[in-house]
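J.: My questions all concern the structure below.
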Amino acid sequence: MTDNRPPSSWENPRRGNGYGDSRDMSWRSGSNGGTGVFEGRGFMNAGRPYQQSGYRMQNNQSCSWQRGPTLCRDQGRPVEMRSHNTPGHVHADASGRQPYSTDTRPNSESGGAWRSSRDRGAAPARVLAVYSDVGVENDDNLATSIIGTCQDMCPVREREQRQRLRDLAIFERINGNMARTSATLAVKKFCRTMTVAELQPSDIRPQHVLWETLQYLMRMLDRSDYTFDSVHAFLFDRTRAVRQELGMQCIANSQAITMFEEIVRFHIMSERELREQKAATIDDPNSQLNFQQLSKSLLTLLNLYSAVDAEGRVGWLNEAEFHGYYVLLNLGDRDQFKAEPLSLWFRRLRPSVLQTQDFMYARRVLSCYRSDNYKGFFDLARKASYLQGCLMELYFGEMRGVALKAINFGGYSMHPHPVADVAKIILMKEGDTEELCKAHGLTTSIDKDHNMSLISKQSSFNPSTQAFRRQCSLISRKRAPTLFQEIAGERTDIER
């Protein structure tokens, strides 16, 4: 008898799309009986339509897809994959792999009782859907996860190989020797593509080692003997490896959430620093790559919040904070990184998140941005936390241009505006504001009180594409005493 059932995600959890780009896919039958709806789990690129067409070519079906944080469901999974039927103890095979996810509580060496995905009811299919961009290829069965046994920050085999190849970062060398390192200095590099079948448990770090590695990396941000560019390049690569191994082992629990929160904070803070260090007219590729990884890390974190049920189902401690970051990150059009419309995304959030102070603040910022309310936007920026300010600074240049346009065309030519007052509104120094006016084709003059003033109704106004990336001193003063405290959430003596 021919089986006419449509393909489902649990029969082949990672189906290729015909273009060498495999992603977690699920199929649920539509009400019309013959047409299915394809749901892409995790981040998808609107600039790559072949992600949809490849699926149509393989399955001869029409499909639709959604983007942004995914609310994972239990629909379409067989009974044996649901969380309440997951066995309490699953034995690994000879290679060290276990089906789906295992109890991820750390052992006695790591300390602390982190809640595991099994304790919080995260189903295996949900865990697989969360980690959609970890860079692991497994053509046979993605629903098996390897359990790491490496107790060092870098596996011995990789460490020895990199010593032979003299492939050691400056932070990993002993006395500057490019061919010598140690277990306390070397950190595992990110590998873009891996095949689970070729990995050994000794090549993968377990959860407690990943946690210790991440804390070691984050503390490096406060080093003063190297430039921020050098430190960021090292941490950028090594944190990707940490994220990759969390996904390879299907770790979804409270500690994984904490690790992703720290990684997202690192990328937010790095975006501000990287944009400041480059010339105003140059697009820094490091900043673009950092923004891309920030978007991916944040989407994975939001999916983890949905996949791992919180205590009492009232939400995680910092959940509203990071949902607010998602709103601030998507105020404007960021090309291919732009997620689904926020108006649709808001409908899928829990009321416990929508009613929090952090999230309501982000929505007020969104409202001011969309309505060109530059006064309200910069007033809210004064009340922002450091990380909220870092994200809002991405739009300072655009909103300052809106402010100059409104002041120029909305004022009276006989009543010039003091440049000092304009600078106070748009959070700039007076000298920088004068330079900004000139970049927009506006001239300033000295009034009768010997103050620099901006005359309205100038027909020479021309919006400038030049970006002024000088950091706002008000935002800088909000930062914690150390970068590690800001990333770890240990905030003391911060100006609000």
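Within each chain, counting starts at residue 1; across the structure tokens, chains are named A, B, ... in the order shown, with ligands numbered 1 upward in that order.
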As a ChimeraX atom specification, list the residues of stretch 156-328 of chain A assigned to alpha helix (DSSP H) by DSSP on the backbone atoms of this structure.

T.: /A:156-164,207-219,228-248,254-277,285-307,319-328

J.: For stretch 173-185 of chain A, please output as an mmCIF file with N, CA, C and O atoms, in the first residue's frame all residues within 9 Å (counting only C-alpha atoms; exclusion window: fewer than 2 positions along the same chain).

T.:
data_model
loop_
_atom_site.group_PDB
_atom_site.id
_atom_site.type_symbol
_atom_site.label_atom_id
_atom_site.label_comp_id
_atom_site.auth_asym_id
_atom_site.auth_seq_id
_atom_site.Cartn_x
_atom_site.Cartn_y
_atom_site.Cartn_z
ATOM 1 N N ASP A 152 38.862 20.353 29.246
ATOM 2 C CA ASP A 152 39.670 21.556 29.035
ATOM 3 C C ASP A 152 38.909 22.528 28.133
ATOM 4 O O ASP A 152 37.954 22.153 27.449
ATOM 5 N N MET A 153 39.360 23.773 28.107
ATOM 6 C CA MET A 153 38.738 24.767 27.234
ATOM 7 C C MET A 153 38.985 24.454 25.767
ATOM 8 O O MET A 153 38.233 24.921 24.907
ATOM 9 N N CYS A 154 40.033 23.684 25.480
ATOM 10 C CA CYS A 154 40.329 23.266 24.116
ATOM 11 C C CYS A 154 40.690 21.789 24.128
ATOM 12 O O CYS A 154 41.528 21.363 24.940
ATOM 13 N N PRO A 155 40.094 20.956 23.275
ATOM 14 C CA PRO A 155 40.429 19.532 23.248
ATOM 15 C C PRO A 155 41.912 19.318 22.970
ATOM 16 O O PRO A 155 42.562 20.109 22.275
ATOM 17 N N VAL A 156 42.452 18.232 23.516
ATOM 18 C CA VAL A 156 43.885 17.952 23.374
ATOM 19 C C VAL A 156 44.250 17.800 21.907
ATOM 20 O O VAL A 156 45.281 18.323 21.454
ATOM 21 N N ARG A 159 44.391 21.149 20.271
ATOM 22 C CA ARG A 159 45.490 21.946 20.821
ATOM 23 C C ARG A 159 46.832 21.529 20.234
ATOM 24 O O ARG A 159 47.659 22.369 19.841
ATOM 25 N N GLU A 160 47.057 20.233 20.126
ATOM 26 C CA GLU A 160 48.308 19.744 19.550
ATOM 27 C C GLU A 160 48.416 20.083 18.065
ATOM 28 O O GLU A 160 49.486 20.447 17.567
ATOM 29 N N ARG A 162 47.006 22.631 16.465
ATOM 30 C CA ARG A 162 47.218 24.063 16.290
ATOM 31 C C ARG A 162 48.633 24.483 16.694
ATOM 32 O O ARG A 162 49.180 25.445 16.161
ATOM 33 N N GLN A 163 49.242 23.761 17.612
ATOM 34 C CA GLN A 163 50.641 24.033 17.940
ATOM 35 C C GLN A 163 51.553 23.672 16.777
ATOM 36 O O GLN A 163 52.490 24.415 16.460
ATOM 37 N N ARG A 164 51.263 22.547 16.130
ATOM 38 C CA ARG A 164 52.076 22.147 14.985
ATOM 39 C C ARG A 164 51.923 23.135 13.835
ATOM 40 O O ARG A 164 52.890 23.454 13.145
ATOM 41 N N LEU A 165 50.696 23.629 13.642
ATOM 42 C CA LEU A 165 50.432 24.553 12.542
ATOM 43 C C LEU A 165 50.733 25.996 12.920
ATOM 44 O O LEU A 165 50.562 26.887 12.080
ATOM 45 N N ARG A 166 51.159 26.237 14.146
ATOM 46 C CA ARG A 166 51.417 27.592 14.642
ATOM 47 C C ARG A 166 50.182 28.479 14.471
ATOM 48 O O ARG A 166 50.265 29.651 14.073
ATOM 49 N N ASP A 167 49.045 27.885 14.791
ATOM 50 C CA ASP A 167 47.751 28.556 14.648
ATOM 51 C C ASP A 167 47.206 28.915 16.031
ATOM 52 O O ASP A 167 46.160 28.422 16.465
ATOM 53 N N LEU A 168 47.929 29.752 16.730
ATOM 54 C CA LEU A 168 47.545 30.153 18.074
ATOM 55 C C LEU A 168 47.300 31.662 18.116
ATOM 56 O O LEU A 168 48.106 32.438 17.589
ATOM 57 N N ALA A 169 46.183 32.065 18.723
ATOM 58 C CA ALA A 169 45.914 33.488 18.897
ATOM 59 C C ALA A 169 46.905 34.064 19.901
ATOM 60 O O ALA A 169 47.538 33.343 20.687
ATOM 61 N N ILE A 170 47.024 35.367 19.887
ATOM 62 C CA ILE A 170 48.007 36.018 20.745
ATOM 63 C C ILE A 170 47.703 35.791 22.217
ATOM 64 O O ILE A 170 48.607 35.787 23.061
ATOM 65 N N PHE A 171 46.444 35.550 22.552
ATOM 66 C CA PHE A 171 46.061 35.314 23.943
ATOM 67 C C PHE A 171 46.335 33.883 24.387
ATOM 68 O O PHE A 171 46.227 33.581 25.571
ATOM 69 N N VAL A 187 41.754 28.026 23.793
ATOM 70 C CA VAL A 187 40.299 27.931 23.768
ATOM 71 C C VAL A 187 39.882 27.412 22.393
ATOM 72 O O VAL A 187 40.410 27.860 21.369
#

J.: Residues at most 12 Å from A:Ser385, counting only C-alpha atoms, excluding those fewer than 4 positions away in the same chain, as a list in words?

T.: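 Counting only C-alpha atoms, the residues come to Met269, Glu321, Gly324, Tyr325, Asp358, Tyr361, Ala362, Leu380, Ala381, Gly389, Cys390, Leu391, Met392, Glu393, Leu474, Ile475, Ser476, Arg477, Lys478, Arg479, Ala480, Glu486, Gly489, Arg491, Ile494, Glu495 and Arg496 of chain A.
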
J.: Expressed in Å to a single decimal, how great is the separation between atom CA of A:Glu398 and atom CA of A:Leu274?

T.: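 Atom CA of A:Glu398 sits 18.5 Å away from atom CA of A:Leu274.
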
J.: Rank A:Leu304, A:Leu298, A:Ile455, A:Leu349 by their smallest atom-to-atom distance to A:Gly411, using only C-alpha atoms, and report the top residue only.

T.: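 Closest candidate: A:Ile455.
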
J.: Could you name the residues that touch A:Lys448 at 12 Å or less, counting only C-alpha atoms, but leaving out those on the same chain fewer than 2 positions away, as JSON, numbers by chain?

T.: {"A": [415, 416, 418, 445, 446, 450, 451, 452, 453]}

J.: Residues within 9 Å of A:Ser460, please, as a count of residues only. Count only C-alpha atoms; anything in the same chain fewer than 2 positions from it doesn't count.

T.: 7

J.: Between atom CA of A:Val308 and atom CA of A:Thr258, measure the distance and give it in Å to one decimal.

T.: 12.3 Å

J.: If we count only C-alpha atoms and set the cut-off at 9 Å, which residues sit around A:Arg363, ignoring sequence neighbours fewer than 4 positions away in its own chain? Please answer as a VMD selection string.

T.: chain A and resid 324 327 to 328 358 to 359 367 to 368

J.: From a DSSP calculation on the backbone, collect every residue of stretch 167-236 of chain A in strand (DSSP E or B) and output the set as a list in words.

T.: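 Secondary structure check on stretch 167-236 of chain A, strand (DSSP E or B): Ile174, Asn177, Met194 and Thr195 of chain A.
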